[in-house]
Structure formats: C-alpha cells, structure tokens
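Visitor: This is work.txt, which holds compact mmCIF, C-alpha atoms:
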```txt
# COMPACT_ATOMS: atom_id res chain seq x y z
CA MET V 1 17.51 -1.38 37.82
CA GLU V 2 17.75 1.82 35.80
CA ARG V 3 20.21 2.13 32.97
CA SER V 4 23.13 4.49 33.38
CA THR V 5 22.68 7.74 31.49
CA LYS V 6 25.95 6.92 29.77
CA GLU V 7 24.65 3.55 28.59
CA ALA V 8 23.51 3.55 24.97
CA LYS V 9 19.73 3.26 24.75
CA THR V 10 18.25 0.71 22.37
CA ILE V 11 14.95 -0.19 20.73
CA ARG V 12 13.53 -3.47 19.50
CA ALA V 13 13.19 -3.60 15.72
CA ALA V 14 12.74 -5.86 12.69
CA TYR V 15 15.58 -5.15 10.29
CA VAL V 16 18.05 -6.47 7.72
CA GLU V 17 21.79 -5.94 7.65
CA GLN V 18 21.94 -6.23 3.85
CA ARG V 19 19.51 -6.70 0.96
CA GLY V 20 18.40 -10.29 0.67
CA PRO V 21 15.70 -12.96 1.05
CA VAL V 22 13.17 -13.23 3.85
CA SER V 23 15.65 -15.31 5.87
CA SER V 24 17.78 -12.16 6.26
CA ILE V 25 15.20 -10.50 8.53
CA ARG V 26 16.38 -10.08 12.10
CA TYR V 27 14.51 -9.12 15.27
CA GLY V 28 16.66 -7.54 17.92
CA GLU V 29 18.07 -4.36 19.40
CA LEU V 30 19.29 -1.29 17.53
CA PRO V 31 20.42 2.08 18.88
CA ASP V 32 17.71 4.64 19.57
CA PRO V 33 17.11 6.70 16.42
CA VAL V 34 18.04 10.38 16.57
CA PRO V 35 15.72 12.68 14.57
CA ALA V 36 17.19 15.19 12.13
CA SER V 37 16.13 18.82 12.25
CA ASP V 38 13.24 18.19 9.83
CA GLU V 39 12.00 14.99 11.54
CA VAL V 40 9.69 13.97 14.36
CA LEU V 41 10.38 11.13 16.79
CA VAL V 42 7.34 8.80 16.90
CA ARG V 43 6.63 6.00 19.37
CA VAL V 44 5.22 3.28 17.10
CA THR V 45 1.95 1.54 17.94
CA ALA V 46 1.68 -0.73 14.89
CA THR V 47 2.94 -1.18 11.37
CA ALA V 48 1.82 -3.15 8.30
CA VAL V 49 3.56 -5.60 5.97
CA ASN V 50 3.48 -4.66 2.27
CA ARG V 51 4.74 -6.36 -0.86
CA VAL V 52 6.79 -3.25 -1.58
CA ASP V 53 8.63 -3.88 1.69
CA ALA V 54 9.76 -7.22 0.24
CA PHE V 55 10.80 -5.53 -3.03
CA VAL V 56 12.96 -3.04 -1.11
CA ARG V 57 14.39 -5.69 1.22
CA SER V 58 15.28 -8.05 -1.64
CA GLY V 59 16.64 -5.36 -3.96
CA ALA V 60 13.97 -5.96 -6.65
CA TYR V 61 13.02 -2.30 -6.27
CA HIS V 62 16.23 -0.34 -6.12
CA THR V 63 16.15 2.61 -3.79
CA PRO V 64 18.73 4.19 -1.47
CA ILE V 65 18.56 2.61 1.99
CA PRO V 66 20.61 2.92 5.17
CA LEU V 67 22.04 -0.31 6.57
CA PRO V 68 21.03 -1.90 8.81
CA LEU V 69 17.56 -1.11 7.44
CA VAL V 70 14.50 -1.15 9.66
CA LEU V 71 11.70 -2.61 7.50
CA GLY V 72 8.28 -1.20 6.76
CA ARG V 73 6.77 1.99 5.45
CA ASP V 74 3.47 2.35 7.35
CA LEU V 75 3.04 3.29 11.00
CA VAL V 76 0.52 4.59 13.46
CA GLY V 77 1.88 5.92 16.72
CA GLU V 78 2.26 8.87 19.08
CA VAL V 79 4.61 11.81 18.96
CA ALA V 80 7.45 11.08 21.38
CA ALA V 81 9.16 14.44 20.96
CA PRO V 82 7.73 17.36 18.97
CA GLY V 83 10.72 17.98 16.73
CA ALA V 84 9.98 19.77 13.46
CA SER V 85 6.20 19.29 13.62
CA GLY V 86 5.46 21.26 16.75
CA LEU V 87 2.90 18.59 17.67
CA ALA V 88 2.59 17.92 21.38
CA PRO V 89 3.97 14.63 22.72
CA GLY V 90 1.20 12.04 22.80
CA THR V 91 -0.50 13.33 19.64
CA ARG V 92 -1.65 10.35 17.55
CA VAL V 93 -0.10 10.37 14.09
CA TRP V 94 0.58 8.22 11.04
CA SER V 95 2.91 7.94 8.08
CA ASN V 96 3.07 5.70 5.01
CA SER V 97 6.36 6.54 3.33
CA LEU V 98 9.20 5.19 5.44
CA GLY V 99 11.72 2.42 4.73
CA TYR V 100 12.87 3.59 1.28
CA GLY V 101 14.38 6.66 -0.37
CA GLY V 102 17.11 6.83 2.27
CA ARG V 103 14.65 6.72 5.19
CA GLN V 104 14.61 4.13 7.96
CA GLY V 105 11.47 2.05 8.30
CA ALA V 106 8.57 1.73 10.70
CA SER V 107 9.03 -1.73 12.27
CA ALA V 108 10.59 -0.49 15.49
CA GLU V 109 9.61 0.92 18.85
CA LEU V 110 10.71 4.40 17.77
CA ALA V 111 10.89 5.91 14.28
CA CYS V 112 12.07 9.22 12.88
CA VAL V 113 9.48 10.59 10.44
CA PRO V 114 10.01 13.61 8.16
CA ALA V 115 7.55 16.29 9.27
CA ASP V 116 6.17 16.64 5.74
CA ARG V 117 5.29 12.91 5.67
CA LEU V 118 3.55 12.85 9.05
CA TYR V 119 -0.24 13.27 9.50
CA ARG V 120 -2.58 13.46 12.48
CA LEU V 121 -4.78 10.42 13.10
CA PRO V 122 -8.44 11.47 13.48
CA ASP V 123 -9.91 11.17 16.96
CA GLY V 124 -11.61 7.88 17.70
CA VAL V 125 -9.98 5.91 14.88
CA ASP V 126 -8.64 2.49 15.85
CA PRO V 127 -4.88 2.51 15.09
CA LEU V 128 -5.02 -1.07 13.77
CA VAL V 129 -7.85 -0.19 11.39
CA ALA V 130 -5.87 2.80 10.19
CA VAL V 131 -2.46 1.19 9.69
CA ALA V 132 -4.02 -1.55 7.55
CA VAL V 133 -5.24 0.89 4.90
CA LEU V 134 -2.55 3.59 4.73
CA HIS V 135 -0.52 2.14 1.87
CA PRO V 136 -3.31 0.69 -0.31
CA ALA V 137 -5.53 3.75 0.14
CA ALA V 138 -2.76 6.18 -0.80
CA THR V 139 -1.95 3.96 -3.79
CA ALA V 140 -5.58 4.05 -4.93
CA TYR V 141 -5.94 7.81 -4.53
CA THR V 142 -2.66 8.81 -6.12
CA GLY V 143 -3.03 6.27 -8.91
CA LEU V 144 -6.55 7.28 -9.91
CA VAL V 145 -6.38 11.03 -9.31
CA HIS V 146 -2.82 12.01 -10.18
CA HIS V 147 -1.85 9.41 -12.77
CA ALA V 148 -4.97 7.97 -14.40
CA ARG V 149 -6.79 11.34 -14.28
CA MET V 150 -10.03 9.58 -13.37
CA ARG V 151 -13.14 11.76 -13.71
CA SER V 152 -16.75 11.57 -12.63
CA GLY V 153 -18.95 9.68 -15.07
CA GLU V 154 -16.14 7.49 -16.40
CA THR V 155 -15.87 3.69 -16.11
CA LEU V 156 -13.09 1.93 -14.20
CA PHE V 157 -12.13 -1.73 -14.42
CA VAL V 158 -10.27 -3.27 -11.47
CA ALA V 159 -8.66 -6.72 -11.80
CA GLY V 160 -8.09 -8.19 -8.34
CA GLY V 161 -10.86 -6.09 -6.84
CA ASN V 162 -10.98 -8.13 -3.62
CA GLY V 163 -7.41 -7.29 -2.59
CA ALA V 164 -6.34 -4.41 -0.37
CA VAL V 165 -5.48 -2.03 -3.23
CA GLY V 166 -8.45 -3.26 -5.28
CA THR V 167 -10.84 -2.56 -2.39
CA CYS V 168 -9.47 0.96 -2.00
CA LEU V 169 -9.65 1.57 -5.76
CA ILE V 170 -13.34 0.67 -5.74
CA ARG V 171 -14.08 2.94 -2.79
CA MET V 172 -12.02 5.83 -4.15
CA ALA V 173 -13.68 5.55 -7.57
CA LYS V 174 -17.17 5.60 -6.06
CA ASP V 175 -16.24 8.75 -4.12
CA LEU V 176 -15.30 10.29 -7.49
CA GLY V 177 -18.65 9.36 -9.05
CA VAL V 178 -17.19 6.64 -11.25
CA ARG V 179 -18.86 3.45 -12.51
CA VAL V 180 -16.80 0.44 -11.35
CA ILE V 181 -16.50 -3.00 -12.92
CA ALA V 182 -14.36 -5.38 -10.85
CA ALA V 183 -13.01 -8.89 -11.41
CA ALA V 184 -12.18 -11.44 -8.72
CA ARG V 185 -11.84 -15.19 -8.38
CA GLY V 186 -14.79 -17.16 -7.03
CA PRO V 187 -18.18 -16.33 -5.50
CA ARG V 188 -16.83 -15.26 -2.12
CA ASN V 189 -14.50 -12.66 -3.63
CA THR V 190 -17.00 -11.40 -6.21
CA GLU V 191 -19.62 -10.94 -3.48
CA TYR V 192 -17.06 -8.97 -1.47
CA CYS V 193 -16.37 -6.63 -4.43
CA ALA V 194 -20.09 -5.92 -4.78
CA LYS V 195 -20.35 -5.28 -1.04
CA VAL V 196 -17.63 -2.61 -1.08
CA GLY V 197 -19.24 -0.78 -3.99
CA ALA V 198 -18.48 -2.33 -7.40
CA ASP V 199 -21.41 -1.79 -9.79
CA GLU V 200 -20.72 -5.00 -11.70
CA VAL V 201 -18.42 -7.92 -10.90
CA ILE V 202 -16.86 -10.58 -13.15
CA ASP V 203 -15.88 -13.98 -11.75
CA SER V 204 -12.49 -14.52 -13.36
CA THR V 205 -12.59 -18.26 -12.65
CA ALA V 206 -15.69 -18.60 -14.84
CA ALA V 207 -14.89 -16.14 -17.62
CA ASP V 208 -12.00 -14.29 -19.22
CA PRO V 209 -12.36 -10.75 -17.82
CA ILE V 210 -11.31 -9.07 -21.08
CA ALA V 211 -13.95 -10.94 -23.07
CA ALA V 212 -16.53 -10.51 -20.31
CA LEU V 213 -16.03 -6.73 -20.31
CA ARG V 214 -17.65 -6.50 -23.76
CA GLY V 215 -21.02 -7.01 -22.08
CA PRO V 216 -21.08 -4.25 -19.42
CA ALA V 217 -18.67 -1.98 -21.36
CA PRO V 218 -19.21 -2.52 -25.12
CA GLN V 219 -17.36 0.71 -25.94
CA GLY V 220 -14.51 -0.13 -23.54
CA VAL V 221 -13.49 1.22 -20.13
CA ASP V 222 -11.88 4.58 -19.47
CA VAL V 223 -9.31 3.32 -16.95
CA TYR V 224 -8.00 -0.24 -16.56
CA CYS V 225 -6.19 -1.19 -13.32
CA ASP V 226 -4.67 -4.61 -12.73
CA THR V 227 -3.60 -4.90 -9.11
CA THR V 228 -2.37 -8.49 -9.51
CA GLY V 229 0.56 -7.85 -11.86
CA ARG V 230 -0.37 -10.99 -13.79
CA GLY V 231 -2.44 -9.46 -16.58
CA SER V 232 -1.33 -8.58 -20.10
CA VAL V 233 -0.91 -4.89 -20.90
CA GLY V 234 -1.54 -5.63 -24.56
CA SER V 235 -4.90 -7.22 -23.74
CA ALA V 236 -5.75 -4.39 -21.37
CA VAL V 237 -5.26 -1.85 -24.16
CA ASP V 238 -7.83 -3.74 -26.25
CA ALA V 239 -10.36 -3.28 -23.41
CA LEU V 240 -10.05 0.51 -23.43
CA ALA V 241 -12.46 3.05 -24.82
CA ASP V 242 -11.11 5.82 -27.03
CA ARG V 243 -8.78 7.99 -24.91
CA GLY V 244 -8.68 5.23 -22.28
CA ARG V 245 -5.75 4.69 -19.90
CA VAL V 246 -4.09 1.55 -18.55
CA LEU V 247 -2.61 2.18 -15.10
CA VAL V 248 0.31 -0.20 -14.56
CA MET V 249 0.58 -0.49 -10.78
CA ALA V 250 2.16 -3.95 -10.41
CA GLY V 251 4.41 -6.17 -12.46
CA LEU V 252 7.85 -6.59 -10.89
CA ALA V 253 7.24 -10.35 -11.00
CA SER V 254 6.79 -10.30 -14.78
CA ALA V 255 9.65 -11.52 -16.96
CA PRO V 256 11.08 -8.88 -19.32
CA GLY V 257 9.67 -9.14 -22.82
CA GLU V 258 6.84 -11.54 -21.96
CA ASP V 259 4.15 -8.97 -22.80
CA SER V 260 3.66 -7.33 -26.19
CA LEU V 261 2.03 -4.08 -27.18
CA ASP V 262 0.95 -2.85 -30.62
CA VAL V 263 1.63 0.89 -30.44
CA GLY V 264 -0.69 1.44 -33.38
CA ARG V 265 -3.64 0.69 -31.13
CA LEU V 266 -2.50 3.47 -28.82
CA TYR V 267 -2.12 5.93 -31.70
CA VAL V 268 -5.39 5.48 -33.57
CA HIS V 269 -7.55 5.38 -30.41
CA ASP V 270 -5.68 8.02 -28.39
CA ARG V 271 -5.04 5.48 -25.63
CA SER V 272 -2.19 5.50 -23.13
CA VAL V 273 -0.30 3.22 -20.76
CA VAL V 274 0.85 4.88 -17.55
CA GLY V 275 3.37 3.36 -15.15
CA PHE V 276 2.75 4.18 -11.51
CA ALA V 277 4.84 3.55 -8.39
CA ILE V 278 3.58 5.03 -5.11
CA SER V 279 7.21 5.25 -3.95
CA LEU V 280 7.72 8.14 -6.38
CA ALA V 281 4.72 10.14 -5.16
CA THR V 282 5.57 13.69 -4.10
CA THR V 283 4.94 14.95 -0.59
CA THR V 284 2.20 17.19 -2.03
CA GLU V 285 0.48 14.19 -3.64
CA LEU V 286 0.82 12.14 -0.46
CA ALA V 287 -0.63 14.95 1.65
CA GLU V 288 -3.63 15.19 -0.69
CA ALA V 289 -4.14 11.44 -0.43
CA ALA V 290 -3.79 11.67 3.37
CA ALA V 291 -6.65 14.17 3.53
CA TRP V 292 -8.94 11.70 1.72
CA ILE V 293 -7.73 8.81 3.90
CA ASN V 294 -8.46 10.74 7.10
CA TRP V 295 -11.89 11.77 5.78
CA ARG V 296 -12.71 8.12 5.07
CA LEU V 297 -11.24 6.85 8.35
CA SER V 298 -13.19 9.37 10.40
CA ARG V 299 -16.39 7.98 8.87
CA ASN V 300 -15.40 4.35 9.42
CA GLY V 301 -15.29 4.04 5.63
CA LEU V 302 -11.98 2.20 5.19
CA ARG V 303 -11.76 -1.29 6.64
CA LEU V 304 -9.84 -4.34 5.49
CA ASP V 305 -9.55 -7.89 6.79
CA THR V 306 -6.45 -8.15 8.97
CA THR V 307 -4.28 -10.52 10.96
CA VAL V 308 -2.27 -9.03 13.82
CA LEU V 309 1.07 -10.50 14.90
CA PRO V 310 3.69 -9.25 17.37
CA LEU V 311 6.69 -7.41 15.93
CA ALA V 312 8.91 -10.37 16.88
CA GLN V 313 7.16 -12.38 14.15
CA ALA V 314 8.11 -10.01 11.32
CA ARG V 315 10.00 -12.72 9.43
CA GLU V 316 7.01 -15.06 9.63
CA ALA V 317 4.75 -12.27 8.38
CA HIS V 318 7.01 -11.66 5.36
CA GLU V 319 7.19 -15.39 4.62
CA ASP V 320 3.40 -15.65 4.62
CA MET V 321 2.99 -12.53 2.46
CA GLU V 322 5.43 -13.84 -0.15
CA ALA V 323 3.72 -17.24 -0.22
CA ALA V 324 0.37 -15.54 -0.83
CA ALA V 325 1.87 -13.43 -3.61
CA ARG V 326 3.10 -16.61 -5.32
CA GLY V 327 -0.37 -18.16 -5.05
CA GLU V 328 0.83 -20.75 -2.53
CA ALA V 329 -0.79 -21.93 0.69
CA HIS V 330 -0.50 -19.37 3.48
CA ARG V 331 -1.79 -19.08 7.04
CA TYR V 332 -2.97 -15.51 7.45
CA ARG V 333 -5.99 -13.81 5.93
CA GLY V 334 -6.04 -10.21 4.79
CA ARG V 335 -3.46 -7.59 5.62
CA VAL V 336 -0.79 -8.71 8.08
CA LEU V 337 -0.12 -6.12 10.78
CA LEU V 338 2.68 -6.06 13.33
CA ARG V 339 1.81 -4.89 16.83
CA VAL V 340 4.71 -2.89 18.26
CA SER V 341 3.10 -1.49 21.41
CA PRO V 342 1.52 -4.14 23.68
CA SER V 343 -1.48 -1.84 24.12
CA ALA V 344 -2.33 -1.86 20.40
```
Here is the file; what I need is its structure written in the form of structure tokens.
Guide:
Amino acid sequence: MERSTKEAKTIRAAYVEQRGPVSSIRYGELPDPVPASDEVLVRVTATAVNRVDAFVRSGAYHTPIPLPLVLGRDLVGEVAAPGASGLAPGTRVWSNSLGYGGRQGASAELACVPADRLYRLPDGVDPLVAVAVLHPAATAYTGLVHHARMRSGETLFVAGGNGAVGTCLIRMAKDLGVRVIAAARGPRNTEYCAKVGADEVIDSTAADPIAALRGPAPQGVDVYCDTTGRGSVGSAVDALADRGRVLVMAGLASAPGEDSLDVGRLYVHDRSVVGFAISLATTTELAEAAAWINWRLSRNGLRLDTTVLPLAQAREAHEDMEAAARGEAHRYRGRVLLRVSPSA
C-alpha cells in the first residue's frame, strides 16, 4: 500500500536525542531530511564508526550539533537529487565531514551533504573499501602535509602504526618520499607495519620506542606522530631532531596536567608541538586530501581490515569501538562499518 502524499516520509537512522553515553544511541525513524540550497541529497550506501563520533556524541569534543543528531561523519552513497552539485542522480559520491559543526550525520538512509564537502567516488571502487579509509586517510594527509609540513627526505615516527590512522600515515609518508619508522605491539602488528611500507619497525612490547629510536634515528626524527593518545609529549620532544615537530593528533583521554614539557628543549633545538584536529580542517584542505584519497583508491592502494554490520547495530558497533579504545576485550576486528543499503 502506497503512502499518502500528505503523509510525512521517514528514513531509518542511528541517532541520539541528547549528548550522552553509548546507551543513548537509538535506531528508528526520523523525518526525511530536506537539503538546503548549498547541499546535495545523498542516498547512503554505507558509513563508518569513528572514535571522533563517540567524542561528539558524548560531548567530550564540543561542537554545535542539531538534536536529534544522526551519528557519523563518513559516507559513500549515490546522489538522490542533484541540488547544489549539479551531479546527476545515481552518481556515486562520498563525504567525510558530517555529524559535527552543525551538520547532521551519515548514519541514515538519506543525508544532506554540503556541496563543497562532497566528492565523486572513482569508477570501480568498492564502496565498503572506500568508506573504511575516508576519515583516517584524510587525517593522515592533512596532518602530515598541512600541519606537520612533512617533506621528502625527512624521517617520520608513527606510534600505533598498525591502526587505521597509523596505516594511512605510513602510506601517505611513503608517497611523499619520507623514511618511516613505526612502532606497534607484537610480531603480528609489526609485520603488518612493514607490509604497508614502514622502513623500520619497533616492537613496543619488547622495547621502549623512545629509547629504541636512538638506533635507527640517532639524530632524532623530523616528525613524531602518536596515534594512540597514550604517549608522553615531553618524551616525544626528546626524540626529535633539530627543527623537529610533534604532531598531537589524539589525547582527549589524557588527564589534564599529567604530561610535562620543558619549553627550553623547544627553544634551543627549534622544535615545535602542533595540535591537530581533523574536525577543524578547511574545505580547501579536505578537498586536497580527497584528491589524494581518490588517487590511492583508484589504484587499490588504500585498504584496511573491516567488519561490516547492519545500521540497526550502530549501538553495538559503538560499544565495541569504545571497548577497543580502552584496551578491553572486543568482538570486531579492524574498522567497523555500518551497511545502510542492503546491496552494499
């Protein structure tokens, strides 16, 4: 039976009605979104679950949000109506900056995407492969290129090199002509880092990475990235070469004041500590990152381990992600994706 044209149309979505813990996530119906004049209506194929989604949902990262808030920032889908983009309906597209900054999220059957944050998906690319890498790859590109000012011939250290962002940092750095030293826990993870391109790998269960760096980088590294948020900034500064940079790209879980930094070591060695949040990237920076992501995707050069769940299991996906972040037992390996379209 068809719905009356006067009946309000609805979509299925994963959302919260107020900021709060994972138990606040709901799966149900919301009114169809209506795109603004600068937006494009996208029929969502799949989305990904990110730690930053939990930060926004819980209020740990404060950003303007509409309520109820559809969760998630990454999507791959098809243009449902051309809107501001002029793209034909059915064109495959992606975005990785929804669900914060006043924008609704991606975990729904339909999403309104600002035209300047929407990119074509290259022909032949699997949407599930793509959606898994959008956030970590943009983080790696924008962090290294725009904030750390990474240059060819320099040396990068990546703590947590086996994670999603760590993997993308290694690949991005190798594209820049950079020497990469990575650290990971255990033989399986260190072997993985070497496989994706790290020149040298430190097993952080067998050695302190800072001390171990003195071997492969006796003069220090040019850029130090800790993707885990558990390292000490003060110790990282000691691992830098002259004019080296620490890129702080995680750390909301750290207690205020638990790390210390001797500013004299910054002064006399011309070193710097740079805070970086992908949520503050400009549309110009994101578009530049998107060009690299599409170049890599079109060559099958960005793949991560994934687990795919239906959208109805969004709460379970967030629970598992938060358990993994705390170092607790969790069920799912790799990036957790949410299938929105049954055909994905």
Visitor: Excluding V:Glu319 and any residue of its chain fewer than 2 positions from it, enumerate the residues within 12 Å of it, using all atoms listed in the file, and give them as a PDB file with C-alpha atoms, in the frame of the given file.
Guide:
```pdb
ATOM      1  CA  PRO V  21      15.700 -12.960   1.050  1.00  0.00           C
ATOM      2  CA  VAL V  22      13.170 -13.230   3.850  1.00  0.00           C
ATOM      3  CA  SER V  23      15.650 -15.310   5.870  1.00  0.00           C
ATOM      4  CA  SER V  24      17.780 -12.160   6.260  1.00  0.00           C
ATOM      5  CA  ILE V  25      15.200 -10.500   8.530  1.00  0.00           C
ATOM      6  CA  VAL V  49       3.560  -5.600   5.970  1.00  0.00           C
ATOM      7  CA  ASN V  50       3.480  -4.660   2.270  1.00  0.00           C
ATOM      8  CA  ARG V  51       4.740  -6.360  -0.860  1.00  0.00           C
ATOM      9  CA  ASP V  53       8.630  -3.880   1.690  1.00  0.00           C
ATOM     10  CA  ALA V  54       9.760  -7.220   0.240  1.00  0.00           C
ATOM     11  CA  GLN V 313       7.160 -12.380  14.150  1.00  0.00           C
ATOM     12  CA  ALA V 314       8.110 -10.010  11.320  1.00  0.00           C
ATOM     13  CA  ARG V 315      10.000 -12.720   9.430  1.00  0.00           C
ATOM     14  CA  GLU V 316       7.010 -15.060   9.630  1.00  0.00           C
ATOM     15  CA  ALA V 317       4.750 -12.270   8.380  1.00  0.00           C
ATOM     16  CA  MET V 321       2.990 -12.530   2.460  1.00  0.00           C
ATOM     17  CA  GLU V 322       5.430 -13.840  -0.150  1.00  0.00           C
ATOM     18  CA  ALA V 323       3.720 -17.240  -0.220  1.00  0.00           C
ATOM     19  CA  ALA V 324       0.370 -15.540  -0.830  1.00  0.00           C
ATOM     20  CA  ALA V 325       1.870 -13.430  -3.610  1.00  0.00           C
ATOM     21  CA  ARG V 326       3.100 -16.610  -5.320  1.00  0.00           C
ATOM     22  CA  GLU V 328       0.830 -20.750  -2.530  1.00  0.00           C
ATOM     23  CA  ALA V 329      -0.790 -21.930   0.690  1.00  0.00           C
ATOM     24  CA  HIS V 330      -0.500 -19.370   3.480  1.00  0.00           C
ATOM     25  CA  ARG V 331      -1.790 -19.080   7.040  1.00  0.00           C
ATOM     26  CA  TYR V 332      -2.970 -15.510   7.450  1.00  0.00           C
ATOM     27  CA  VAL V 336      -0.790  -8.710   8.080  1.00  0.00           C
TER      28      VAL V 336
END
```
Visitor: So, counting only C-alpha atoms, which residue among V:Leu67, V:Leu309, V:Ala198, V:Leu156 is closest to V:Leu240?
Guide: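 Closest to V:Leu240, using only C-alpha atoms: V:Leu156.
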Visitor: Skipping near chain neighbours, those fewer than 4 positions away, what residues fall within 9 Å of stretch 295-304 of chain V using only C-alpha atoms, listed as a ChimeraX atom specification?
Guide: /V:121-125,129-130,132-133,137,163-164,167-168,171,290-291,334-335
Visitor: Nearest to V:Glu17: which of V:Pro89, V:Gly215, V:Gly59, V:Pro68 is it, counting only C-alpha atoms?
Guide: V:Pro68
Visitor: V:Thr306, V:Ser97, V:Thr139, V:Ser107: which is nearest V:Ile278, counting all atoms listed in the file?
Guide: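 Using all atoms listed in the file, V:Ile278 sits closest to V:Thr139.
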Visitor: Choose the residue, out of V:Thr47, V:Asn189, V:Thr227, V:Ser37, that has the smallest atom-to-atom separation from V:Leu311; count all atoms listed in the file.
Guide: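 Looking at the shortest contact to V:Leu311, the residue is V:Thr47.
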Visitor: Please compute the atom CA of V:Ala194-atom CA of V:Ala159 distance, one decimal, in Å.
Guide: 13.4 Å
Visitor: For V:Asp242, which of V:Asn294, V:Thr228, V:Gln18, V:Gln219 is the closest residue, counting all atoms listed in the file?
Guide: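 The shortest atom-to-atom distance to V:Asp242 comes from V:Gln219.
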Visitor: What lies within 12 Å of V:Gly264 using all atoms listed in the file, ignoring chain neighbours under 6 positions off, as a PyMOL selection string?
Guide: chain V and resi 234+237-238+270-272
Visitor: Could you check which of V:Arg243, V:Lys195, V:Asp203, V:Thr155 is closest to V:Val221, using only C-alpha atoms?
Guide: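 Checking each candidate against V:Val221, we get V:Thr155 as the closest.
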Visitor: In Å to one decimal, how far is atom CA of V:Ala106 from atom CA of V:Arg12?
Guide: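 Computing the Euclidean distance for atom CA of V:Arg12 and atom CA of V:Ala106 yields 11.4 Å.
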Visitor: By how many Å are atom CA of V:Leu247 and atom CA of V:Cys225 apart?
Guide: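 Distance reported for this atom pair: 5.2 Å.
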Visitor: Within 12 Å of (22.6, 9.6, 18.2), only C-alpha atoms: residues as a VMD selection string?
Guide: chain V and resid 8 to 10 30 to 36 112
Visitor: Mind checking which residues fall within 8 Å of V:Ile210, counting all atoms listed in the file, ignoring those fewer than 5 positions away in the same chain, and posting them as a list of chain:residue names?
Guide: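 Residues near the query, excluding close chain neighbours: V:Ser235, V:Ala236, V:Ala239.
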Visitor: Distance cut-off 10 Å, centre (-12.8, 7.1, -4.9) in file coordinates, counting only C-alpha atoms: which residues qualify? Return them as a ChimeraX atom specification.
Guide: /V:137,140-141,144-145,150-152,168-178,292
Visitor: Fewer than 6 positions away in the same chain doesn't count, so skip those; otherwise give me all residues within 8 Å of V:Leu69, counting only C-alpha atoms, as a list in words.
Guide: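 The residues that qualify are Tyr15, Val16, Glu17, Gln18, Gly99, Gln104 and Gly105 of chain V.
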Visitor: So for stretch 51-64 of chain V, what box centre and size do we get, axis-aligned, 6 Å extra on each of the six sides, every listed atom, Å to one decimal, as JSON?
Guide:
```
{"center_x": 11.7, "center_y": -1.9, "center_z": -2.5, "size_x": 26.0, "size_y": 24.2, "size_z": 20.3}
```
